[in-house]
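Asks: Structure below; questions to follow.
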Amino acid sequence: MPSESERIGGENLRIDDLWFSYGGKLSIYEGLNLDVRPGEFLGVIGPSGCGKTTLLNLLAGFYEPEEGAVTLRGQPIKPEDPHLGYVFQQPTLFPWLSAIENVEFGLRMQGMGEAERRERAQHYFNLVGLMGFEDYLIVRLSGGMQQRVNLARALAMEPTLLLMDEPFGALDAITRETMNDELLRIWDTLGQTVLFITHDIDEAIYLSDRICVLSRPPGGIFRMLDSELPRPRHGPTTRTGERFWGYKKSLINDIAEVTAQRPTSEEEIALLKRRKKIEESD
Amino acid sequence: MPSESERIGGENLRIDDLWFSYGGKLSIYEGLNLDVRPGEFLGVIGPSGCGKTTLLNLLAGFYEPEEGAVTLRGQPIKPEDPHLGYVFQQPTLFPWLSAIENVEFGLRMQGMGEAERRERAQHYFNLVGLMGFEDYLIVRLSGGMQQRVNLARALAMEPTLLLMDEPFGALDAITRETMNDELLRIWDTLGQTVLFITHDIDEAIYLSDRICVLSRPPGGIFRMLDSELPRPRHGPTTRTGERFWGYKKSLINDIAEVTAQRPTSEEEIALLKRRKKIEESD
Amino acid sequence: EEIRIGWVYAMANAPVLIADKQGYFKEQDLDVELLSFTSGPLVKQAMVAGELDLAYIGAPPIYHWYSRGLESKILAKVNYGQAAVTSRADSNINSLADLKGAKMAGVRKGSGMDVLLRGYVFGEKAKLTPDKDTQIISMPSGNMGPSLQSKVVDAAFMWEPFISQFVLRGNTKVIFDINEAEPRYPWYVISALPDTMKNKPDAIIKVLKAHKKAVDFLNSSDDAGNDIIASAFRLSEVTGPDGTVYSGTEVVKRARSRLGWEWSLNDNDVAFIQRLMNWSYDLGYIKKRLSTDDLIDRSFAAKAIQ
Amino acid sequence: MLGNPQAAADVNKLNRKVRRFEFSWSWFSIPSLLVVWMITATQFPAYILPQVWHVAQEGYEWVVSGDIWPHLQGSFLEIIGGFGLAIVLSLICGFVAGFNKGFREYIVPLNGLFMAIPPIAWAPLMLIVFGIGYTTIILVVLISAVNPMILTIMEGVLQITSQEVRAARVLGAKRWQLFVHVYLPASLPFVTAALRIGFSQAWRALVAAEMIGAAAGVGWMVQVGGEIGNARQVLLGIVMIGGFSYLFERLLFRPIEKKYEVWRLA
Amino acid sequence: MLGNPQAAADVNKLNRKVRRFEFSWSWFSIPSLLVVWMITATQFPAYILPQVWHVAQEGYEWVVSGDIWPHLQGSFLEIIGGFGLAIVLSLICGFVAGFNKGFREYIVPLNGLFMAIPPIAWAPLMLIVFGIGYTTIILVVLISAVNPMILTIMEGVLQITSQEVRAARVLGAKRWQLFVHVYLPASLPFVTAALRIGFSQAWRALVAAEMIGAAAGVGWMVQVGGEIGNARQVLLGIVMIGGFSYLFERLLFRPIEKKYEVWRLA
Ligand SMILES: Nc1ncnc2c1ncn2[C@@H]1O[C@H](COP(=O)(O)OP(=O)(O)OP(=O)(O)O)[C@@H](O)[C@H]1O
Ligand SMILES: Nc1ncnc2c1ncn2[C@@H]1O[C@H](COP(=O)(O)OP(=O)(O)OP(=O)(O)O)[C@@H](O)[C@H]1O
Ligand SMILES: [Mg+2]
Ligand SMILES: [Mg+2]
């Protein structure tokens with residue numbers, strides 16, 4: 001159960017002049033800068049394949065930047081950091097554990113006692129609306145249910161930096177809204193720093209303090225939108241306000257613009273040159 | 001390339017008094033009836049875990065109904081049926097094949113010649129916006145890109161019955177809209193019968209002739225909504241019309257209602273009785 | 001005194017068992033550890049490893065290894081006889097000459113019995129060229145009887161007590177008993193490493209004394225020690241063609257018609273060993289000629305009877 | 001969705017209970033083998049392939065005379081020692097080879113070579129270095145069993161997706177915990193296959209190894225029985241090996257298999 | 001995103017080409033073994049462990065005299081026959097066991113038992129039923145190799161997710177196509193492991209089998225060498241077995257491995 005009495009607070013996350021490519025082949029970032037404030041809720045949107053998941057993997061320390069640095073409280077990040085939580089885009093549940101055991105996993109790794117961790121896990125399990133499915137095998141859960149277990153597993157750790165990669169993509173509209181509000185409630189209580197990838201522009205606006213629009217690789221940040229929607233937010237009111245519509249329109253335009261991006265002819269020439277070089281060195 | 005000159009037409013799909021449960025444990029359908037007209041575009045929505053994927057698996061012949069029948073043109077369906085296409089909820093690409101080879105897979109199984117199938121595969125590959133990624137390994141594609149390969153693989157078969165399980169869930173808004181329009185264009189040309197599961201109510205309304213709202217198991221169909229939106233549909237116009245809004249509101253209400261469903265106390269009693277029975281027979 | 005003796009697990013080596021079971025080693029104040037092996041080469045390997053002081057072993061492995069550098073010596077004789085060529089009772093192979101064109105079961109190429117078969121039986125007696133006039137197929141001795149019966153082979157080079165077992169079953173006959181042609185030819189001998197001879201000469205003499213006593217015991221009558229042998233080698237009953245059941249002890253008794261025990265190496269024995277070495281050389285199993293003068297040391301045996 | 005949180009869990013458990021008494025085709029494995037044996041035996045003389053009851057009788061005699069115990073005990077200790085070491089070593093090498101490309105590349109060719117070398121070739125060296133006895137035998141057993149085990153475990157580890165590992169790492173699993181809570185359960189099917197293969201190889205090697213001066217043991221019984229043509233003794237030995245296999249299958253391999261059968265075949 | 005559709009493809013291909021010349025730790029496997037051998041050999045008398053060059057010299061003599069060819073040829077044909085049959089049989093049984101629970105339950109205990117039975121126990125029966133020669137030898141080889149192969153392939157098949165199979169079925173793959181285009185590629189890593197294990201077991205069984213009635217062969221060389229205390233000949237045989245292993249590793253196992261290495265380790 002979250003220690004609701006105290007705000008555990010969020011982390012300061014910095015990305016400085018980050019360069020990254022997959023095996024030198026496909027350059028994803030060429031000099032990305034980003035400063036996430038402690039306790040900030042940052043939405044990230046961008047076209048499919050633009051490098052959102054890659055960014056989170058860099059932030060979690062799964063990939064090493066080729067140049068530049070990613071730091072949490074001034075330190076490089078390691079995946080094992082107890083302050084880190086990550087909801088993966090693809091469900092990565094452990095099939096040999098039951099649904100609730102999956103949620104308990106991280107707590108068990110911390111050495112938390114059985115009764116305590118069961119209680120905490122159950123809390124988050126119920127929160128994602130899965131009460132009654134505790135003992136289900138993972139393969140017997142529907143896609144959306146798996147995604148919710150995935151979510152509960154990360155939340156149960158009560159991390160101060162929460163990376164979320166399309167966590168609600170497979171949920172129906174109502175469950176999704178409920179999850180949104182639950183997430184905001186938890187965030188309000190604990191005050192973590194959240195990076196939230198989504199394809200749902202409404203969702204991004206509804207949740208975030210700032211929204212980062214990524215362009216096609218290796219473009220980096222296309223636009224950073226500061227939201228001035230008041231908090232606490234409330235479904236019907238927030239979503240229908242004038243400002244909300246303004247943001248939405250502007251973001252739809254942004255996305256349309258970055259989706260339409262194609263490599264310029266100069267870029268194509270550079271690519272051909274590079275190709276030639278490899279051929280010659282062969 | 002689709003043989004755009006002729007409409008291949010759709011199939012008549014019937015579900016009669018369908019009963020299904022997972023190992024007698026969790027009853028999903030108790031007497032479902034559904035008649036899908038040839039060439040109809042049927043949207044399916046419902047809360048997470050309500051049995052949408054189960055329904056498609058029954059339609060594809062992966063599961064046997066416990067009672068009742070699922071028939072295509074009056075015949076039971078087999079997964080191998082060449083008229084059947086299925087876009088799975090979880091990406092099920094073959095990691096040992098390149099992206100384009102995955103799209104070619106079905107055509108290869110049909111014994112289509114190499115040049116012809118490459119041409120056809122390339123057509124659908126481009127359609128989903130992946131040009132340039134033909135030779136990529138599956139693991140090197142982003143989540144959304146995998147989903148698009150998945151889609152192209154099913155479309156390339158040009159099936160007359162197309163089952164789609166949240167095919168656009170991992171796509172950004174713009175790509176998703178493009179895909180929607182492409183899908184409608186193909187459907188318009190070939191005239192298949194389409195069953196389309198989605199969590200996006202807008203999408204369901206935009207695409208479908210009828211929208212089926214499923215309730216929590218074992219409820220079956222909660223409501224069947226006949227859409228009278230004119231065709232051909234066109235993004236900005238269709239989505240802003242008065243009728244569209246009416247449908248949307250009504251569906252949101254439906255979803256909210258079914259999501260709120262809980263087993264009645266009678267149902268709980270029945271469950272306890274059943275449990276008792278198993279205990280006694282033990 | 002502690003001494004470790006390795007022996008090839010064969011009926012012909014019975015004296016070592018008798019000496020142990022009858023307490024002759026103990027009488028000599030020897031603390032003997034007996035280790036049995038299924039083949040001579042294994043005994044030799046154990047000797048190389050310094051795990052054995054003495055060995056009851058056939059002569060060929062001794063000089064095979066001698067030629068490669070392991071200089072153990074032959075001290076005394078253990079037995080004579082045991083090997084014979086057999087064929088199916090109903091076959092028309094009745095003499096060595098009939099082996100021409102036949103298929104014959106033999107033992108592992110290069111083993112001691114193989115030297116005897118190729119060198120003596122084929123080379124000297126039958127005057128046939130093995131692998132040309134006769135096809136020799138090597139197999140574990142346990143497979144020979146079955147192969148003979150199922151006509152996989154026409155003849156077999158076997159030894160006791162298997163010969164007696166199969167003869168008693170009524171479907172096998174002996175066509176050439178080496179002990180008849182070459183009476184009392186030596187087979188198993190006692191061998192020691194130079195180290196043992198230098199460091200434990202007294203123990204060796206005591207072992208030889210016990211050995212002599214065991215041989216004498218076995219020779220005291222036709223039945224002496226037969227049941228000890230039968231049970232030590234777990235010889236099972238044999239059923240004859242007429243349904244008679246022969247006990248293991250009976251089998252041993254029959255076997256002793258082609259096999260006997262002796263402890264001293266006489267000049268005939270030395271000459272036979274020399275012939276064995278020559279055959280081995282001719283067969284290419286050793287690369288240089290050896291002389292029994294280097295290999296045989298009868299001085300310990302002489303001291304044992306003083 | 002089930003309203004009662006306990007309901008689904010209970011039904012689940014009950015279901016599992018019922019399954020325990022489920023019919024299994026494995027019940028027929030051994031009986032059918034015995035039937036085949038009995039039928040085949042009618043076609044051959046008893047000194048080549050004795051009947052089941054002859055072997056049973058032979059076994060009875062060995063038991064009554066008490067001769068069997070030193071053999072059983074000897075082999076049992078040797079198998080426990082050799083196979084036990086092989087388990088530890090193959091887990092270490094298999095997992096390291098799974099993680100480390102360099103080590104994998106280095107070890108695979110050696111692995112294939114060592115697997116192919118018959119125990120007879122090791123014997124002299126072992127004998128010299130370790131003398132006659134327990135150590136030499138368990139080493140020969142170890143060498144035979146460990147190589148196929150390493151290979152199988154390695155493939156099992158390689159099959160684990162990096163996503164599962166990432167998920168565990170981000171949940172705070174340290175190296176050792178990763179091993180125990182992710183790599184081990186995920187590769188359990190292959191570890192079990194490795195155990196099965198290794199156990200059998202261990203027995204086979206034992207038959208050869210007990211030739212080196214042991215003069216006792218089930219393997220010795222088989223080898224000597226074969227050498228002197230005592231078919232009953234050979235088959236008694238084989239039956240005993242079969243008994244051991246059955247015991248381990250029931251007490252070790254099957255229980256492990258049960259652990260993953262549910263989630264894997266679901 | 002790359003605008004030029006060819007570009008990504010080409011870069012990809014180039015990348016693969018470059019990789020072919022990549023450094024590999026497997027280069028050190030054999031040399032390091034030779035070094036260990038040479039060092040060890042200095043500690044032992046030559047009639048137990050001769051030096052590398054002595055064995056090389058022995059090999060040279062065998063080659064010059066031409067004596068080696070019948071042995072090589074004999075063993076090669078036997079391995080090809082026995083191992084070839086084992087491949088076919090283990091693919092069939094392994095896959096059927098993977099698909100069919102009943103068959104799996106039935107076969108696994110038998111499998112473990114047959115793996116544990118040493119070839120010497122088969123020999124007399126085989127000899128009587130199939131006589132002396134090629135058939136008996138390849139059967140003994142087959143029995144030894146096939147069992148661990150079945151088990152490994154079976155586990156590989158079980159590890160294939162039903163989702164992949166469903167996807168292929170719905171794309172119209174018939175039974176046979178499913179096998180060729182899904183089951184086989186998906187289980188390739190385990191098929192390769194099975195091939196490696198089976199090949200080595202085949203050699204080991206061959207050394208034993210060539211004692212039953214063969215008058216030639218590498219296994220025969222090893223056994224006879226042991227019999228007459230010719231350690232050089234024994235080691236020459238082992239080296240030849242190693243050579244065959246290396247050949248198969250390079251020409252068969254490695255190339256198959258390359259096929260799945262890319263996608264699996266990605
Ligand atoms: N293989 C299975 N064995 C047992 N129960 C299952 C299995 N697959 C699904 N279920 C159960 O059946 C119910 C319906 O699952 P299904 O996958 O059809 O849901 P869905 O409507 O597709 O949900 P989602 O939108 O989350 O994908 C769920 O309660 C789930 O737990
Ligand atoms: N392991 C990898 N190796 C090589 N290239 C990769 C790898 N993973 C991703 N890529 C490439 O990097 C680019 C960005 O991928 P990423 O997964 O970060 O996209 P994304 O923004 O998360 O997209 P989506 O919204 O579809 O999930 C894509 O072009 C993809 O092909
Ligand atoms: Mg992504
Ligand atoms: Mg679903």
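The way I read the labels, and the way they are meant: chains A, B, ... in the order of the structure tokens, residue 1 as the first residue of every chain, and ligand 1 as the first ligand shown, with later ones counted on from there.
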Can you pull out every residue within 7 Å of segment 150-167 of chain E, counting only C-alpha atoms, but drop anything in the same chain fewer than 2 positions away, and send it as a list of chain:residue names?
Replies: B:Thr92, B:Phe94, D:Pro189, D:Phe190, D:Ala193, E:Ser90, E:Leu91, E:Cys93, E:Gly94, E:Phe95, E:Ala97, E:Gly98, E:Val146, E:Asn147, E:Pro148, E:Arg169, E:Val170, E:Leu171, E:Val182, E:Tyr183, E:Ala186, E:Ser187, E:Phe190, E:Val191, E:Ala194
Asks: Find the spatial neighbours of Pro185 of chain E, counting only C-alpha atoms, within a cut-off of 9 Å - ignore same-chain residues fewer than 3 positions away - and output them as an MDAnalysis selection string.
Replies: (chainID B and resid 96) or (chainID E and resid 179:182 188:189 259:260)
Asks: Could you tell me which of B:Gln90, B:Leu97, B:Ala69, B:Tyr22 comes closest to chain D if we count only C-alpha atoms?
Replies: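 The closest residue to chain D is B:Tyr22.
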Asks: Around ligand 1, at most 8 Å away and counting only C-alpha atoms and all ligand atoms, which residues are there? Put them as a count of residues only, please.
Replies: 36
Asks: List as a PDB file with N, CA, C and O atoms, in the first residue's frame the protein and nucleic acid residues near Ala86 of chain D, meaning an atom at most 7 Å away when only C-alpha atoms are counted, but skip any in the same chain fewer than 3 places from it.
Replies:
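The result, written out as around-v2.pdb:
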```pdb
ATOM      1  N   GLY D  82      29.338 -38.203  -9.416  1.00  0.00           N
ATOM      2  CA  GLY D  82      29.642 -37.769 -10.775  1.00  0.00           C
ATOM      3  C   GLY D  82      28.552 -36.895 -11.353  1.00  0.00           C
ATOM      4  O   GLY D  82      28.809 -35.817 -11.900  1.00  0.00           O
ATOM      5  N   PHE D  83      27.321 -37.347 -11.209  1.00  0.00           N
ATOM      6  CA  PHE D  83      26.195 -36.601 -11.767  1.00  0.00           C
ATOM      7  C   PHE D  83      26.001 -35.292 -10.996  1.00  0.00           C
ATOM      8  O   PHE D  83      25.720 -34.246 -11.590  1.00  0.00           O
ATOM      9  N   LEU D  89      28.612 -28.162 -12.479  1.00  0.00           N
ATOM     10  CA  LEU D  89      29.509 -27.648 -13.508  1.00  0.00           C
ATOM     11  C   LEU D  89      28.758 -27.238 -14.771  1.00  0.00           C
ATOM     12  O   LEU D  89      29.051 -26.205 -15.383  1.00  0.00           O
ATOM     13  N   SER D  90      27.768 -28.042 -15.149  1.00  0.00           N
ATOM     14  CA  SER D  90      27.054 -27.723 -16.389  1.00  0.00           C
ATOM     15  C   SER D  90      26.183 -26.496 -16.198  1.00  0.00           C
ATOM     16  O   SER D  90      25.986 -25.722 -17.145  1.00  0.00           O
ATOM     17  N   LEU D 142      31.696 -37.737 -14.715  1.00  0.00           N
ATOM     18  CA  LEU D 142      31.517 -36.290 -14.874  1.00  0.00           C
ATOM     19  C   LEU D 142      31.784 -35.845 -16.304  1.00  0.00           C
ATOM     20  O   LEU D 142      30.976 -35.140 -16.912  1.00  0.00           O
ATOM     21  N   ALA D 145      29.034 -36.921 -18.661  1.00  0.00           N
ATOM     22  CA  ALA D 145      27.703 -36.339 -18.464  1.00  0.00           C
ATOM     23  C   ALA D 145      27.692 -34.844 -18.736  1.00  0.00           C
ATOM     24  O   ALA D 145      26.718 -34.300 -19.253  1.00  0.00           O
ATOM     25  N   VAL D 146      28.796 -34.180 -18.407  1.00  0.00           N
ATOM     26  CA  VAL D 146      28.733 -32.713 -18.356  1.00  0.00           C
ATOM     27  C   VAL D 146      28.614 -32.056 -19.728  1.00  0.00           C
ATOM     28  O   VAL D 146      27.959 -31.033 -19.878  1.00  0.00           O
TER      29      VAL D 146
END
```
Asks: For a test of reading the model, state the distance in Å between atom 23 (O, counted along the ligand's line) of ligand 2 and atom CA of Pro167 of chain B, rounded to one decimal.
Replies: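 That distance, rounded to one decimal, is 14.9 Å.
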Asks: Given the choices E:Asn100, E:Met240, E:Phe44, E:Phe114, which gets closest to Val129 of chain D if the distance is worked out from only C-alpha atoms?
Replies: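 Of all the options, E:Phe44 lies closest to Val129 of chain D.
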Asks: Near chain D, which residues of chain E fall within 7 Å when you count only C-alpha atoms, and what do they look like as a PyMOL selection string?
Replies: chain E and resi 24-26+28-29+48+102+105-107+109-110+112-113+115-118+120-121+148+151-152+155+189-190+193+196-197+200-201+203-204+238+242+245
Asks: Find the nearest atom pair between each residue of chain A and chain D for residues within 9 Å, count only C-alpha atoms, give distances in Å to one decimal, sort rows by chain and ascending number, and present the table as JSON lines.
Replies:
```
{"residue": "A:Ala60", "atom": "CA", "partner": "D:Val170", "partner_atom": "CA", "distance": 7.7}
{"residue": "A:Phe62", "atom": "CA", "partner": "D:Arg166", "partner_atom": "CA", "distance": 7.8}
{"residue": "A:Lys78", "atom": "CA", "partner": "D:Val170", "partner_atom": "CA", "distance": 8.5}
{"residue": "A:Pro79", "atom": "CA", "partner": "D:Val170", "partner_atom": "CA", "distance": 4.8}
{"residue": "A:Glu80", "atom": "CA", "partner": "D:Gly172", "partner_atom": "CA", "distance": 4.5}
{"residue": "A:Asp81", "atom": "CA", "partner": "D:Gly172", "partner_atom": "CA", "distance": 6.5}
{"residue": "A:Pro82", "atom": "CA", "partner": "D:Gly172", "partner_atom": "CA", "distance": 5.8}
{"residue": "A:Leu84", "atom": "CA", "partner": "D:Val170", "partner_atom": "CA", "distance": 6.8}
{"residue": "A:Gly85", "atom": "CA", "partner": "D:Val170", "partner_atom": "CA", "distance": 6.6}
{"residue": "A:Tyr86", "atom": "CA", "partner": "D:Val170", "partner_atom": "CA", "distance": 6.7}
{"residue": "A:Val87", "atom": "CA", "partner": "D:Ala167", "partner_atom": "CA", "distance": 8.6}
{"residue": "A:Phe88", "atom": "CA", "partner": "D:Ala167", "partner_atom": "CA", "distance": 7.8}
{"residue": "A:Gln90", "atom": "CA", "partner": "D:Gln163", "partner_atom": "CA", "distance": 8.6}
{"residue": "A:Pro91", "atom": "CA", "partner": "D:Gln163", "partner_atom": "CA", "distance": 8.9}
{"residue": "A:Thr92", "atom": "CA", "partner": "D:Glu164", "partner_atom": "CA", "distance": 5.6}
{"residue": "A:Leu93", "atom": "CA", "partner": "D:Glu164", "partner_atom": "CA", "distance": 7.1}
{"residue": "A:Phe94", "atom": "CA", "partner": "D:Glu164", "partner_atom": "CA", "distance": 6.9}
{"residue": "A:Pro95", "atom": "CA", "partner": "D:Trp263", "partner_atom": "CA", "distance": 6.1}
{"residue": "A:Trp96", "atom": "CA", "partner": "D:Trp263", "partner_atom": "CA", "distance": 5.7}
{"residue": "A:Leu97", "atom": "CA", "partner": "D:Trp263", "partner_atom": "CA", "distance": 8.3}
{"residue": "A:Phe105", "atom": "CA", "partner": "D:Leu171", "partner_atom": "CA", "distance": 7.4}
{"residue": "A:Gly106", "atom": "CA", "partner": "D:Leu171", "partner_atom": "CA", "distance": 4.7}
{"residue": "A:Leu107", "atom": "CA", "partner": "D:Leu171", "partner_atom": "CA", "distance": 8.0}
{"residue": "A:Met109", "atom": "CA", "partner": "D:Ala173", "partner_atom": "CA", "distance": 5.6}
{"residue": "A:Gln110", "atom": "CA", "partner": "D:Gly172", "partner_atom": "CA", "distance": 7.0}
{"residue": "A:Leu130", "atom": "CA", "partner": "D:Met1", "partner_atom": "CA", "distance": 8.7}
{"residue": "A:Met131", "atom": "CA", "partner": "D:Pro5", "partner_atom": "CA", "distance": 5.7}
{"residue": "A:Gly132", "atom": "CA", "partner": "D:Pro5", "partner_atom": "CA", "distance": 3.7}
{"residue": "A:Phe133", "atom": "CA", "partner": "D:Ala8", "partner_atom": "CA", "distance": 6.5}
{"residue": "A:Glu134", "atom": "CA", "partner": "D:Ala9", "partner_atom": "CA", "distance": 6.9}
{"residue": "A:Asp135", "atom": "CA", "partner": "D:Ala9", "partner_atom": "CA", "distance": 5.4}
{"residue": "A:Tyr136", "atom": "CA", "partner": "D:Ala9", "partner_atom": "CA", "distance": 7.6}
{"residue": "A:Leu137", "atom": "CA", "partner": "D:Trp263", "partner_atom": "CA", "distance": 6.7}
{"residue": "A:Ile138", "atom": "CA", "partner": "D:Trp263", "partner_atom": "CA", "distance": 8.0}
{"residue": "A:Val139", "atom": "CA", "partner": "D:Ala266", "partner_atom": "CA", "distance": 6.5}
{"residue": "A:Arg140", "atom": "CA", "partner": "D:Ala266", "partner_atom": "CA", "distance": 7.6}
{"residue": "A:Arg153", "atom": "CA", "partner": "D:Leu171", "partner_atom": "CA", "distance": 8.5}
{"residue": "A:Ala154", "atom": "CA", "partner": "D:Leu171", "partner_atom": "CA", "distance": 7.5}
{"residue": "A:Met157", "atom": "CA", "partner": "D:Leu171", "partner_atom": "CA", "distance": 7.6}
```
Asks: May I ask which of the residues C:Arg234, C:Arg298, C:Lys73, C:Lys206 is the closest one to chain D, counting only C-alpha atoms?
Replies: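 Of all the options, C:Arg234 lies closest to chain D.
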Asks: Give me the residues near segment 188-191 of chain C as a tab-separated table (two decimals) with all heavy atoms, in the first residue's frame, where near means some atom within 6 Å (using only C-alpha atoms) and where sequence neighbours in that chain fewer than 4 positions away do not count.
Replies:
```
chain	number	residue	atom	x	y	z
C	54	LEU	N	51.81	-56.23	-8.00
C	54	LEU	CA	51.92	-57.48	-8.73
C	54	LEU	C	50.68	-57.68	-9.59
C	54	LEU	O	49.64	-57.10	-9.31
C	54	LEU	CB	52.00	-58.66	-7.74
C	54	LEU	CG	53.30	-58.91	-7.00
C	54	LEU	CD1	53.10	-60.06	-6.02
C	54	LEU	CD2	54.42	-59.23	-7.98
C	55	ALA	N	50.83	-58.55	-10.62
C	55	ALA	CA	49.66	-58.81	-11.45
C	55	ALA	C	49.62	-60.26	-11.88
C	55	ALA	O	50.66	-60.88	-12.16
C	55	ALA	CB	49.67	-57.89	-12.66
C	56	TYR	N	48.43	-60.82	-11.88
C	56	TYR	CA	48.18	-62.12	-12.50
C	56	TYR	C	47.62	-61.81	-13.87
C	56	TYR	O	46.49	-61.35	-14.01
C	56	TYR	CB	47.14	-62.92	-11.69
C	56	TYR	CG	47.68	-63.58	-10.45
C	56	TYR	CD1	48.24	-62.83	-9.42
C	56	TYR	CD2	47.60	-64.97	-10.29
C	56	TYR	CE1	48.72	-63.43	-8.28
C	56	TYR	CE2	48.08	-65.59	-9.14
C	56	TYR	CZ	48.63	-64.81	-8.13
C	56	TYR	OH	49.10	-65.40	-7.00
C	57	ILE	N	48.41	-62.04	-14.89
C	57	ILE	CA	48.08	-61.48	-16.20
C	57	ILE	C	48.67	-62.37	-17.28
C	57	ILE	O	49.62	-63.12	-17.03
C	57	ILE	CB	48.64	-60.04	-16.28
C	57	ILE	CG1	48.19	-59.32	-17.56
C	57	ILE	CG2	50.15	-60.03	-16.16
C	57	ILE	CD1	48.66	-57.88	-17.62
C	58	GLY	N	48.10	-62.31	-18.51
C	58	GLY	CA	48.65	-63.07	-19.61
C	58	GLY	C	50.01	-62.51	-20.01
C	58	GLY	O	50.30	-61.34	-19.79
C	73	LYS	N	58.44	-57.61	-15.10
C	73	LYS	CA	59.02	-58.92	-15.39
C	73	LYS	C	58.06	-60.04	-15.04
C	73	LYS	O	57.13	-59.88	-14.24
C	73	LYS	CB	60.30	-59.10	-14.55
C	73	LYS	CG	61.31	-57.98	-14.81
C	73	LYS	CD	62.62	-58.51	-15.29
C	73	LYS	CE	63.50	-57.35	-15.74
C	73	LYS	NZ	64.77	-57.77	-16.26
C	74	ILE	N	58.32	-61.18	-15.67
C	74	ILE	CA	57.52	-62.37	-15.40
C	74	ILE	C	58.22	-63.20	-14.33
C	74	ILE	O	59.42	-63.51	-14.46
C	74	ILE	CB	57.34	-63.20	-16.67
C	74	ILE	CG1	56.52	-62.40	-17.69
C	74	ILE	CG2	56.66	-64.53	-16.37
C	74	ILE	CD1	56.48	-63.03	-19.07
C	75	LEU	N	57.50	-63.57	-13.26
C	75	LEU	CA	58.13	-64.25	-12.13
C	75	LEU	C	57.74	-65.71	-12.00
C	75	LEU	O	58.53	-66.53	-11.57
C	75	LEU	CB	57.78	-63.54	-10.82
C	75	LEU	CG	58.03	-62.03	-10.78
C	75	LEU	CD1	57.66	-61.49	-9.42
C	75	LEU	CD2	59.48	-61.71	-11.10
C	76	ALA	N	56.48	-66.00	-12.31
C	76	ALA	CA	56.03	-67.37	-12.12
C	76	ALA	C	54.85	-67.66	-13.03
C	76	ALA	O	54.24	-66.76	-13.59
C	76	ALA	CB	55.63	-67.60	-10.66
C	77	LYS	N	54.56	-68.96	-13.14
C	77	LYS	CA	53.47	-69.38	-14.00
C	77	LYS	C	52.21	-69.53	-13.16
C	77	LYS	O	52.27	-69.79	-11.95
C	77	LYS	CB	53.86	-70.72	-14.62
C	77	LYS	CG	52.89	-71.29	-15.63
C	77	LYS	CD	53.49	-72.58	-16.23
C	77	LYS	CE	52.53	-73.29	-17.16
C	77	LYS	NZ	53.13	-74.51	-17.71
C	78	VAL	N	51.06	-69.35	-13.77
C	78	VAL	CA	49.81	-69.53	-13.05
C	78	VAL	C	49.04	-70.73	-13.59
C	78	VAL	O	48.60	-71.59	-12.84
C	78	VAL	CB	48.92	-68.26	-13.13
C	78	VAL	CG1	47.58	-68.51	-12.44
C	78	VAL	CG2	49.63	-67.08	-12.49
C	79	ASN	N	48.87	-70.78	-14.93
C	79	ASN	CA	48.08	-71.89	-15.46
C	79	ASN	C	48.59	-72.34	-16.81
C	79	ASN	O	49.45	-71.72	-17.42
C	79	ASN	CB	46.62	-71.45	-15.62
C	79	ASN	CG	46.43	-70.65	-16.89
C	79	ASN	OD1	47.10	-69.63	-17.09
C	79	ASN	ND2	45.55	-71.09	-17.77
```
